[in-house]
file target.cif (mmCIF, C-alpha atoms)
data_upload
#
loop_
_atom_site.label_atom_id
_atom_site.label_comp_id
_atom_site.auth_asym_id
_atom_site.auth_seq_id
_atom_site.Cartn_x
_atom_site.Cartn_y
_atom_site.Cartn_z
CA MET A 1 140.72 72.93 94.54
CA LYS A 2 143.45 75.23 93.38
CA ALA A 3 146.01 74.09 95.97
CA LEU A 4 145.66 70.48 94.80
CA GLU A 5 146.06 71.42 91.14
CA GLU A 6 149.21 73.35 92.02
CA LYS A 7 150.58 70.42 94.02
CA ILE A 8 149.93 68.03 91.14
CA LEU A 9 151.74 70.37 88.74
CA LYS A 10 154.65 70.81 91.16
CA GLU A 11 155.10 67.27 92.49
CA GLY A 12 153.27 64.94 90.09
CA THR A 13 154.94 62.89 87.35
CA VAL A 14 153.25 61.25 84.36
CA LEU A 15 154.40 57.66 83.86
CA PRO A 16 153.72 55.45 80.81
CA GLY A 17 150.16 54.08 80.69
CA ASN A 18 148.38 57.28 81.76
CA ILE A 19 149.61 56.86 85.32
CA LEU A 20 149.92 60.03 87.37
CA LYS A 21 152.45 59.49 90.12
CA VAL A 22 151.65 61.57 93.21
CA GLY A 23 153.42 59.39 95.72
CA SER A 24 155.12 62.38 97.33
CA PHE A 25 151.91 63.54 99.01
CA LEU A 26 148.92 61.27 98.33
CA ASN A 27 149.48 57.54 98.17
CA HIS A 28 152.93 56.45 99.33
CA GLN A 29 154.26 59.39 101.26
CA VAL A 30 151.28 61.28 102.69
CA ASP A 31 151.37 65.02 103.37
CA VAL A 32 149.01 64.83 106.32
CA ASP A 33 148.47 68.57 106.81
CA PHE A 34 147.53 68.84 103.13
CA ILE A 35 145.26 65.77 103.33
CA LEU A 36 143.44 67.37 106.27
CA GLU A 37 142.99 70.51 104.14
CA MET A 38 141.49 68.38 101.34
CA GLY A 39 139.26 66.77 103.94
CA ARG A 40 137.93 70.13 105.04
CA GLU A 41 137.08 70.96 101.42
CA ILE A 42 135.23 67.63 101.01
CA ALA A 43 133.35 68.34 104.26
CA ARG A 44 132.37 71.77 102.95
CA LEU A 45 131.03 70.28 99.70
CA PHE A 46 128.90 67.73 101.56
CA GLU A 47 127.88 69.75 104.61
CA ASN A 48 124.19 69.48 105.52
CA CYS A 49 123.89 66.10 103.76
CA GLY A 50 123.49 64.27 107.07
CA ILE A 51 126.46 61.99 106.43
CA THR A 52 126.92 59.36 109.14
CA LYS A 53 129.75 57.33 107.65
CA ILE A 54 132.56 57.49 105.11
CA LEU A 55 133.27 54.40 103.03
CA THR A 56 136.56 53.89 101.21
CA ILE A 57 138.65 51.00 99.90
CA GLU A 58 142.08 49.97 101.06
CA THR A 59 144.81 51.08 100.76
CA SER A 60 145.30 54.45 99.21
CA GLY A 61 141.76 55.73 99.77
CA ILE A 62 142.30 55.63 103.53
CA PRO A 63 144.30 58.85 104.02
CA VAL A 64 141.83 61.06 102.09
CA ALA A 65 138.91 59.34 103.83
CA MET A 66 140.57 60.05 107.19
CA GLY A 67 140.93 63.70 106.22
CA ALA A 68 137.26 64.02 105.32
CA ALA A 69 136.21 62.12 108.44
CA ALA A 70 138.30 64.38 110.67
CA ALA A 71 136.34 67.36 109.34
CA LEU A 72 132.91 65.69 109.37
CA HIS A 73 133.45 63.86 112.71
CA VAL A 74 132.06 60.56 111.42
CA PRO A 75 133.71 57.13 111.28
CA VAL A 76 135.54 55.76 108.24
CA VAL A 77 134.87 52.20 107.10
CA PHE A 78 137.36 50.74 104.66
CA ALA A 79 136.47 47.86 102.38
CA LYS A 80 139.10 45.13 102.71
CA LYS A 81 140.73 43.44 99.75
CA HIS A 82 141.71 40.34 101.67
CA ALA A 83 139.71 37.99 103.79
CA THR A 84 141.30 38.09 107.22
CA SER A 85 140.96 35.92 110.25
CA ASN A 86 139.62 38.78 112.33
CA LEU A 87 136.36 39.27 110.42
CA SER A 88 133.62 37.37 112.14
CA GLY A 89 130.00 37.27 111.04
CA GLY A 90 128.49 38.33 107.75
CA VAL A 91 130.01 40.57 105.12
CA PHE A 92 128.86 42.59 102.15
CA SER A 93 131.14 41.72 99.24
CA THR A 94 131.69 42.75 95.66
CA VAL A 95 134.31 42.35 92.93
CA VAL A 96 136.40 45.34 91.83
CA HIS A 97 138.87 45.50 88.98
CA SER A 98 142.05 47.37 89.88
CA TYR A 99 143.40 49.39 86.99
CA THR A 100 146.73 49.93 88.76
CA HIS A 101 147.33 46.28 89.61
CA GLY A 102 145.68 44.76 86.53
CA ARG A 103 143.55 42.25 88.43
CA ASP A 104 140.19 41.65 90.11
CA TYR A 105 139.72 41.84 93.87
CA THR A 106 136.89 40.70 96.04
CA VAL A 107 136.39 43.40 98.63
CA VAL A 108 134.39 42.98 101.79
CA VAL A 109 132.79 45.12 104.47
CA SER A 110 131.51 43.61 107.70
CA CYS A 111 127.73 43.86 108.04
CA GLU A 112 128.37 45.28 111.51
CA TYR A 113 129.60 48.61 110.18
CA LEU A 114 126.99 49.63 107.59
CA SER A 115 123.24 49.62 108.05
CA ASN A 116 120.06 51.01 106.53
CA THR A 117 120.16 53.98 108.91
CA ASP A 118 123.50 55.21 107.51
CA VAL A 119 124.01 58.04 105.03
CA VAL A 120 127.26 57.21 103.27
CA LEU A 121 129.84 59.36 101.54
CA LEU A 122 132.29 57.41 99.35
CA VAL A 123 135.86 58.75 99.34
CA ASP A 124 138.84 57.68 97.26
CA ASP A 125 142.17 59.07 96.14
CA PHE A 126 141.74 58.48 92.41
CA LEU A 127 138.72 58.20 90.11
CA ALA A 128 139.57 56.81 86.66
CA ASN A 129 137.21 54.23 85.16
CA GLY A 130 135.05 54.27 88.29
CA ARG A 131 135.27 50.56 89.07
CA ALA A 132 136.19 51.08 92.72
CA LEU A 133 133.31 53.48 93.31
CA GLU A 134 130.88 51.14 91.49
CA GLY A 135 131.95 48.36 93.84
CA LEU A 136 131.45 50.57 96.88
CA ILE A 137 128.00 51.63 95.59
CA ASP A 138 127.12 47.94 95.28
CA ILE A 139 128.11 47.46 98.94
CA VAL A 140 126.07 50.50 100.04
CA GLN A 141 123.05 49.10 98.19
CA GLN A 142 123.47 45.69 99.81
CA SER A 143 123.48 47.36 103.24
CA GLY A 144 120.34 49.39 102.56
CA ALA A 145 122.15 52.62 103.48
CA SER A 146 121.57 55.89 101.62
CA LEU A 147 124.26 57.22 99.31
CA ALA A 148 125.09 60.91 99.66
CA GLY A 149 127.66 60.85 96.87
CA ALA A 150 131.34 60.37 96.22
CA ALA A 151 134.35 62.60 96.76
CA CYS A 152 137.70 61.96 95.12
CA ALA A 153 140.98 63.78 95.28
CA ILE A 154 141.99 63.37 91.65
CA GLU A 155 139.69 62.41 88.76
CA LYS A 156 141.10 61.38 85.41
CA GLY A 157 138.28 63.01 83.46
CA PHE A 158 139.43 61.52 80.17
CA GLN A 159 138.73 58.00 81.45
CA ARG A 160 135.03 58.88 81.85
CA GLY A 161 134.29 56.89 84.99
CA GLY A 162 133.22 60.01 86.88
CA ASP A 163 130.94 61.20 84.10
CA ALA A 164 129.33 57.75 83.81
CA LEU A 165 128.53 57.83 87.53
CA ARG A 166 127.13 61.37 87.24
CA ALA A 167 124.93 60.18 84.35
CA ARG A 168 123.56 57.52 86.72
CA GLY A 169 122.56 60.30 89.13
CA VAL A 170 125.42 59.88 91.61
CA ARG A 171 126.78 63.14 92.97
CA VAL A 172 130.52 63.00 92.30
CA GLU A 173 132.84 65.77 93.51
CA SER A 174 136.50 65.64 92.58
CA LEU A 175 138.95 68.15 93.98
CA ALA A 176 140.95 68.14 90.73
CA VAL A 177 139.73 66.83 87.37
CA ILE A 178 142.37 66.11 84.74
CA ASP A 179 141.13 66.45 81.19
CA SER A 180 144.35 65.38 79.51
CA MET A 181 147.93 64.60 80.34
CA THR A 182 151.13 63.99 78.45
CA ASP A 183 154.70 63.33 79.58
CA ASP A 184 155.22 67.00 80.28
CA SER A 185 151.80 68.56 80.79
CA VAL A 186 148.63 68.12 82.82
CA THR A 187 145.47 70.00 81.81
CA PHE A 188 142.65 70.47 84.31
CA ARG A 189 138.93 70.69 83.58
CA ARG A 190 137.50 74.19 84.12
CA MET B 1 146.30 55.27 127.69
CA LYS B 2 143.26 54.76 129.87
CA ALA B 3 140.73 55.73 127.19
CA LEU B 4 142.13 53.08 124.84
CA GLU B 5 142.03 50.37 127.52
CA GLU B 6 138.41 51.27 128.22
CA LYS B 7 137.55 51.18 124.53
CA ILE B 8 139.17 47.73 124.16
CA LEU B 9 137.18 46.43 127.12
CA LYS B 10 133.95 47.95 125.79
CA GLU B 11 134.20 47.20 122.06
CA GLY B 12 136.86 44.51 121.64
CA THR B 13 136.16 40.81 121.15
CA VAL B 14 138.60 37.94 121.62
CA LEU B 15 138.47 35.46 118.72
CA PRO B 16 140.10 32.01 118.59
CA GLY B 17 143.87 32.11 118.00
CA ASN B 18 144.63 35.02 120.35
CA ILE B 19 143.05 37.49 117.94
CA LEU B 20 141.68 40.67 119.46
CA LYS B 21 139.01 42.08 117.19
CA VAL B 22 138.83 45.86 117.40
CA GLY B 23 137.31 46.47 113.98
CA SER B 24 134.73 48.83 115.40
CA PHE B 25 137.29 51.62 115.93
CA LEU B 26 140.80 50.69 114.82
CA ASN B 27 141.23 48.58 111.70
CA HIS B 28 138.03 48.16 109.70
CA GLN B 29 135.74 50.88 110.93
CA VAL B 30 137.93 53.74 112.16
CA ASP B 31 136.83 56.13 114.92
CA VAL B 32 138.72 59.07 113.52
CA ASP B 33 138.24 61.45 116.46
CA PHE B 34 139.60 58.75 118.77
CA ILE B 35 142.50 57.98 116.42
CA LEU B 36 143.43 61.67 116.46
CA GLU B 37 143.38 61.54 120.27
CA MET B 38 145.73 58.53 120.21
CA GLY B 39 147.91 60.46 117.76
CA ARG B 40 148.20 63.37 120.19
CA GLU B 41 149.32 60.96 122.90
CA ILE B 42 151.97 59.45 120.61
CA ALA B 43 153.15 62.97 119.74
CA ARG B 44 153.41 63.81 123.44
CA LEU B 45 155.52 60.69 124.10
CA PHE B 46 157.93 61.52 121.29
CA GLU B 47 158.01 65.32 121.50
CA ASN B 48 161.47 66.87 121.29
CA CYS B 49 162.83 63.81 119.43
CA GLY B 50 163.21 65.78 116.20
CA ILE B 51 161.02 63.39 114.23
CA THR B 52 160.85 64.25 110.53
CA LYS B 53 158.86 61.29 109.23
CA ILE B 54 156.48 58.56 110.34
CA LEU B 55 156.87 55.13 108.75
CA THR B 56 154.10 52.54 108.84
CA ILE B 57 152.97 49.52 106.84
CA GLU B 58 149.78 49.13 104.86
CA THR B 59 146.96 48.74 105.57
CA SER B 60 145.84 48.99 109.13
CA GLY B 61 148.83 50.94 110.41
CA ILE B 62 147.84 53.91 108.27
CA PRO B 63 145.04 55.40 110.41
CA VAL B 64 147.13 55.48 113.62
CA ALA B 65 150.11 56.82 111.66
CA MET B 66 147.88 59.57 110.23
CA GLY B 67 146.76 60.46 113.75
CA ALA B 68 150.32 60.78 115.02
CA ALA B 69 151.37 62.71 111.92
CA ALA B 70 148.48 65.15 112.32
CA ALA B 71 149.81 65.99 115.79
CA LEU B 72 153.50 66.05 114.86
CA HIS B 73 152.99 67.81 111.48
CA VAL B 74 155.30 65.47 109.62
CA PRO B 75 154.61 63.24 106.59
CA VAL B 76 153.63 59.59 106.80
CA VAL B 77 155.30 57.05 104.54
CA PHE B 78 153.62 53.68 104.28
CA ALA B 79 155.50 50.59 103.19
CA LYS B 80 153.62 48.86 100.37
CA LYS B 81 152.89 45.15 100.31
CA HIS B 82 152.46 44.97 96.56
CA ALA B 83 154.67 46.11 93.74
CA THR B 84 152.63 48.65 91.80
CA SER B 85 153.05 50.18 88.38
CA ASN B 86 153.37 53.65 89.87
CA LEU B 87 156.62 53.11 91.75
CA SER B 88 159.50 54.31 89.64
CA GLY B 89 163.12 54.23 90.65
CA GLY B 90 164.78 52.38 93.49
CA VAL B 91 163.12 50.90 96.53
CA PHE B 92 164.14 49.70 99.97
CA SER B 93 162.58 46.28 100.47
CA THR B 94 162.28 43.66 103.16
CA VAL B 95 160.25 40.53 103.92
CA VAL B 96 157.67 40.55 106.70
CA HIS B 97 155.66 37.66 108.03
CA SER B 98 152.02 38.51 108.67
CA TYR B 99 150.63 36.76 111.70
CA THR B 100 147.06 37.67 110.76
CA HIS B 101 147.27 36.45 107.16
CA GLY B 102 149.66 33.55 107.78
CA ARG B 103 152.06 34.42 104.97
CA ASP B 104 155.18 36.38 104.02
CA TYR B 105 155.05 39.72 102.26
CA THR B 106 157.76 41.67 100.52
CA VAL B 107 157.20 45.29 101.47
CA VAL B 108 158.79 48.22 99.71
CA VAL B 109 159.41 51.91 100.29
CA SER B 110 160.56 54.18 97.50
CA CYS B 111 164.09 55.53 98.05
CA GLU B 112 162.63 58.96 97.30
CA TYR B 113 160.82 59.17 100.62
CA LEU B 114 163.42 58.16 103.22
CA SER B 115 166.96 59.48 103.47
CA ASN B 116 169.87 59.68 105.89
CA THR B 117 168.71 63.10 107.09
CA ASP B 118 165.39 61.70 108.41
CA VAL B 119 164.55 60.89 112.02
CA VAL B 120 161.88 58.21 111.80
CA LEU B 121 159.11 57.16 114.17
CA LEU B 122 157.56 53.77 113.37
CA VAL B 123 153.81 53.54 113.99
CA ASP B 124 151.50 50.53 113.79
CA ASP B 125 148.12 49.46 115.08
CA PHE B 126 149.23 46.15 116.65
CA LEU B 127 152.48 44.85 118.04
CA ALA B 128 152.51 41.08 118.59
CA ASN B 129 155.62 39.16 117.58
CA GLY B 130 157.23 42.33 116.25
CA ARG B 131 157.84 41.10 112.70
CA ALA B 132 156.30 44.17 111.05
CA LEU B 133 158.42 46.55 113.16
CA GLU B 134 161.56 44.50 112.51
CA GLY B 135 160.89 44.82 108.78
CA LEU B 136 160.41 48.57 109.08
CA ILE B 137 163.63 48.87 111.13
CA ASP B 138 165.44 47.03 108.34
CA ILE B 139 164.09 49.60 105.85
CA VAL B 140 165.14 52.52 108.09
CA GLN B 141 168.64 51.04 108.34
CA GLN B 142 168.85 50.61 104.55
CA SER B 143 167.95 54.28 104.13
CA GLY B 144 170.55 55.51 106.62
CA ALA B 145 167.89 57.40 108.57
CA SER B 146 167.90 57.59 112.39
CA LEU B 147 165.30 55.65 114.34
CA ALA B 148 163.54 57.55 117.12
CA GLY B 149 161.49 54.54 118.19
CA ALA B 150 158.17 52.84 117.63
CA ALA B 151 154.65 53.65 118.79
CA CYS B 152 151.84 51.12 118.67
CA ALA B 153 148.21 51.35 119.64
CA ILE B 154 147.86 47.84 121.11
CA GLU B 155 150.71 45.56 122.14
CA LYS B 156 150.07 41.90 122.86
CA GLY B 157 152.63 41.78 125.65
CA PHE B 158 152.36 38.00 125.99
CA GLN B 159 153.74 37.52 122.47
CA ARG B 160 157.02 39.20 123.55
CA GLY B 161 157.77 41.05 120.29
CA GLY B 162 157.76 44.41 122.05
CA ASP B 163 160.04 43.25 124.83
CA ALA B 164 162.47 41.72 122.33
CA LEU B 165 162.70 45.05 120.53
CA ARG B 166 163.21 46.89 123.84
CA ALA B 167 166.00 44.44 124.69
CA ARG B 168 167.66 45.45 121.39
CA GLY B 169 167.58 49.07 122.57
CA VAL B 170 164.62 50.23 120.50
CA ARG B 171 162.31 52.63 122.32
CA VAL B 172 158.85 51.07 122.03
CA GLU B 173 155.78 52.87 123.38
CA SER B 174 152.42 51.11 123.25
CA LEU B 175 149.24 52.92 124.26
CA ALA B 176 147.79 49.70 125.71
CA VAL B 177 149.76 46.54 126.57
CA ILE B 178 147.77 43.33 127.00
CA ASP B 179 149.37 40.84 129.35
CA SER B 180 146.77 38.12 128.89
CA MET B 181 143.42 37.54 127.30
CA THR B 182 140.77 34.87 127.37
CA ASP B 183 137.36 34.62 125.72
CA ASP B 184 135.86 36.85 128.34
CA SER B 185 138.67 38.91 129.85
CA VAL B 186 141.54 41.15 128.82
CA THR B 187 144.25 42.04 131.38
CA PHE B 188 146.49 45.04 130.82
CA ARG B 189 150.09 45.47 131.93
CA ARG B 190 150.55 47.97 134.74
#
call {"tool": "encode", "arguments": {"input": "target.cif", "output": "structure tokens"}}
result
Amino acid sequence: MKALEEKILKEGTVLPGNILKVGSFLNHQVDVDFILEMGREIARLFENCGITKILTIETSGIPVAMGAAAALHVPVVFAKKHATSNLSGGVFSTVVHSYTHGRDYTVVVSCEYLSNTDVVLLVDDFLANGRALEGLIDIVQQSGASLAGAACAIEKGFQRGGDALRARGVRVESLAVIDSMTDDSVTFRR
Amino acid sequence: MKALEEKILKEGTVLPGNILKVGSFLNHQVDVDFILEMGREIARLFENCGITKILTIETSGIPVAMGAAAALHVPVVFAKKHATSNLSGGVFSTVVHSYTHGRDYTVVVSCEYLSNTDVVLLVDDFLANGRALEGLIDIVQQSGASLAGAACAIEKGFQRGGDALRARGVRVESLAVIDSMTDDSVTFRR
């Protein structure tokens, strides 16, 4: 998605440790009109797939998932990183390693909100090593739902998580795939 | 907002400890079309206030904030509960007590995304004792921005946080205000 690549080049900053900072529009401040535009592109890529639900993981996957859901007119379910007192009943749970925070999380989804009649699209802001998506796939499998694929805003192609998922047969669509980045340049996959 | 009251009565469940579970549409599964409708109502309430930015707090404030931002065409900034490796530069920070999780959080907002030229609308999913909004007001004051007010989806009126903020002169608009609730009834403020 050309507009996303241009926004990354204009507003993104590369921080030490292969971190791409895009907090001005994606995951701290959120440019909602632009997120809705990304959502329409995700909806276009997965139209006619019969998607009934979007699954993401808190926190920063939620805005992009909302954008896609607004275009597809289906609910978003977000996997929660913390057990809370307002989850009653059974949950699907899995363990995800967070690259950004350097730790493991148990994430949970209430059994009430995913079932074997659902066709699920996974959505996230970033795809790097693919751990978050693998966790969400585990949850989809526990629920018996069908997996339509995964859509991410920005894939760090050089970390290979997206390609590993594709090799497993998962349809992965990323709106911008970064092949390499240095302090002063970002190169996109063609 | 009548449609929200009806949805609470239809889909909400009261759990022990005065917890209203609305995970089917608001804060675990998200009914995005309905959230956008709530956002349009928030935008109507605060039209002509010159709002330049919406400030919320992760995680469950984000969907409602996105809905309001989609209608007002302004960015959302969400205060983060965890220091992450992709925040560079200065932050505004404050401590918030979470009623749901029973603990204190330090929440931060990058100085890059709030300034003294902003007019800020606070948005959250729930308003109970008002601690989250008080924390966000503290951050707005640190930034020098103007505060237009606060909009919440559901206010637990019997916990008095909303009324305390109103007594301080803060404009607080809640789309549904609950005056009392028991295991099998929810009564709204008229």
call {"tool": "closest_atom_pairs", "arguments": {"input": "target.cif", "of": "chain B", "to": "chain A", "cutoff": "7 Å", "atoms": "only C-alpha atoms", "output": "Markdown table"}}
result
| residue | atom | partner | partner_atom | distance |
| --- | --- | --- | --- | --- |
| B:Ile19 | CA | A:Asn86 | CA | 6.7 |
| B:Lys21 | CA | A:Asn86 | CA | 5.9 |
| B:His28 | CA | A:Phe78 | CA | 5.7 |
| B:Gln29 | CA | A:Val77 | CA | 4.1 |
| B:Val30 | CA | A:Val76 | CA | 5.0 |
| B:Asp31 | CA | A:Pro75 | CA | 4.9 |
| B:Val32 | CA | A:Pro75 | CA | 5.8 |
| B:Asp33 | CA | A:Ala70 | CA | 6.5 |
| B:Glu58 | CA | A:Thr59 | CA | 6.7 |
| B:Thr59 | CA | A:Thr59 | CA | 5.8 |
| B:Met66 | CA | A:Val32 | CA | 6.7 |
| B:Ala69 | CA | A:Val32 | CA | 6.4 |
| B:Ala70 | CA | A:Val32 | CA | 6.0 |
| B:His73 | CA | A:Asp33 | CA | 6.5 |
| B:Pro75 | CA | A:Asp31 | CA | 4.9 |
| B:Val76 | CA | A:Val30 | CA | 5.0 |
| B:Val77 | CA | A:Gln29 | CA | 4.2 |
| B:Phe78 | CA | A:His28 | CA | 5.7 |
| B:Thr84 | CA | A:His101 | CA | 6.2 |
| B:Ser85 | CA | A:Thr100 | CA | 6.3 |
| B:Asn86 | CA | A:Lys21 | CA | 5.9 |
| B:Thr100 | CA | A:Ser85 | CA | 6.4 |
| B:His101 | CA | A:Thr84 | CA | 6.2 |
| B:Tyr113 | CA | A:Gln29 | CA | 6.6 |
call {"tool": "atom_distance", "arguments": {"input": "target.cif", "atom1": "CA of Glu173 (chain A)", "atom2": "CA of Gly149 (chain A)"}}
result
7.9 Å
call {"tool": "resolve_selection", "arguments": {"input": "target.cif", "expression": "the PyMOL selection byres ((chain B and resi 45) around 12)", "output": "PyMOL selection string"}}
result
chain B and resi 1+38-44+46-49+51+68+71-72+121+148-152+171-175
call {"tool": "resolve_selection", "arguments": {"input": "target.cif", "expression": "the PyMOL selection byres ((chain A and resi 136) around 9)", "output": "number ranges by chain"}}
result
A: 55-57, 79, 94, 96, 107, 122, 131-135, 137-141
call {"tool": "residues_around", "arguments": {"input": "target.cif", "residues": "Lys2 (chain A)", "least_positions_apart": "3", "cutoff": "10 Å", "atoms": "all atoms listed in the file", "output": "JSON, numbers by chain"}}
result
{"A": [5, 6, 7, 8, 175, 176]}
call {"tool": "atom_distance", "arguments": {"input": "target.cif", "atom1": "CA of Phe126 (chain B)", "atom2": "CA of Ile154 (chain B)"}}
result
5.0 Å
call {"tool": "residues_around", "arguments": {"input": "target.cif", "residues": "Thr187 (chain A)", "least_positions_apart": "2", "cutoff": "6 Å", "atoms": "all atoms listed in the file", "output": "count of residues only"}}
result
3
call {"tool": "atom_distance", "arguments": {"input": "target.cif", "atom1": "CA of Gly130 (chain B)", "atom2": "CA of Phe92 (chain B)"}}
result
19.2 Å
call {"tool": "closest_residue", "arguments": {"input": "target.cif", "among": "B:Asn18, B:Gly50, B:Glu11, B:Ala3", "to": "Thr182 (chain B)", "atoms": "all atoms listed in the file"}}
result
B:Asn18
call {"tool": "axis_aligned_box", "arguments": {"input": "target.cif", "around": "region 149-158 of chain B", "padding_each_side": "5 Å", "output": "JSON"}}
result
{"center_x": 154.7, "center_y": 46.3, "center_z": 121.8, "size_x": 23.6, "size_y": 26.5, "size_z": 18.4}
call {"tool": "residues_near_point", "arguments": {"input": "target.cif", "point": "(127.1, 40.1, 108.1)", "cutoff": "6 Å", "atoms": "only C-alpha atoms", "output": "list in words"}}
result
Gly89, Gly90, Val91, Ser110 and Cys111 of chain A
call {"tool": "closest_residue", "arguments": {"input": "target.cif", "among": "B:Val120, B:Met181, B:Leu127, B:Leu9", "to": "Glu155 (chain B)", "atoms": "only C-alpha atoms"}}
result
B:Leu127
call {"tool": "build_atoms", "arguments": {"input": "target.cif", "residues": "region 106-125 of chain A", "atoms": "N, CA and C atoms", "output": "CSV table (one decimal), in the coordinates of the input"}}
result
chain,number,residue,atom,x,y,z
A,106,THR,N,138.1,40.7,95.3
A,106,THR,CA,136.9,40.7,96.0
A,106,THR,C,137.1,41.6,97.2
A,107,VAL,N,136.2,42.6,97.4
A,107,VAL,CA,136.4,43.4,98.6
A,107,VAL,C,135.2,43.2,99.5
A,108,VAL,N,135.4,43.3,100.8
A,108,VAL,CA,134.4,43.0,101.8
A,108,VAL,C,134.3,44.1,102.8
A,109,VAL,N,133.1,44.2,103.3
A,109,VAL,CA,132.8,45.1,104.5
A,109,VAL,C,131.9,44.3,105.4
A,110,SER,N,132.3,44.3,106.7
A,110,SER,CA,131.5,43.6,107.7
A,110,SER,C,130.1,44.2,107.8
A,111,CYS,N,129.1,43.4,107.9
A,111,CYS,CA,127.7,43.9,108.0
A,111,CYS,C,127.5,44.7,109.3
A,112,GLU,N,128.5,44.5,110.2
A,112,GLU,CA,128.4,45.3,111.5
A,112,GLU,C,128.5,46.8,111.3
A,113,TYR,N,129.2,47.2,110.2
A,113,TYR,CA,129.6,48.6,110.2
A,113,TYR,C,128.9,49.4,109.1
A,114,LEU,N,127.9,48.9,108.5
A,114,LEU,CA,127.0,49.6,107.6
A,114,LEU,C,125.6,49.1,107.8
A,115,SER,N,124.6,50.1,107.9
A,115,SER,CA,123.2,49.6,108.0
A,115,SER,C,122.3,50.6,107.3
A,116,ASN,N,121.0,50.2,107.3
A,116,ASN,CA,120.1,51.0,106.5
A,116,ASN,C,119.7,52.4,107.2
A,117,THR,N,120.3,52.6,108.3
A,117,THR,CA,120.2,54.0,108.9
A,117,THR,C,121.3,54.9,108.5
A,118,ASP,N,122.3,54.4,107.8
A,118,ASP,CA,123.5,55.2,107.5
A,118,ASP,C,123.3,56.0,106.2
A,119,VAL,N,123.9,57.2,106.2
A,119,VAL,CA,124.0,58.0,105.0
A,119,VAL,C,125.5,58.1,104.7
A,120,VAL,N,125.9,57.5,103.6
A,120,VAL,CA,127.3,57.2,103.3
A,120,VAL,C,127.9,58.1,102.2
A,121,LEU,N,129.0,58.6,102.5
A,121,LEU,CA,129.8,59.4,101.5
A,121,LEU,C,131.0,58.4,101.1
A,122,LEU,N,131.2,58.2,99.8
A,122,LEU,CA,132.3,57.4,99.4
A,122,LEU,C,133.5,58.4,99.1
A,123,VAL,N,134.7,57.9,99.5
A,123,VAL,CA,135.9,58.8,99.3
A,123,VAL,C,137.0,57.9,98.8
A,124,ASP,N,137.7,58.4,97.8
A,124,ASP,CA,138.8,57.7,97.3
A,124,ASP,C,139.9,58.7,96.8
A,125,ASP,N,141.1,58.2,96.6
A,125,ASP,CA,142.2,59.1,96.1
A,125,ASP,C,142.0,59.4,94.6
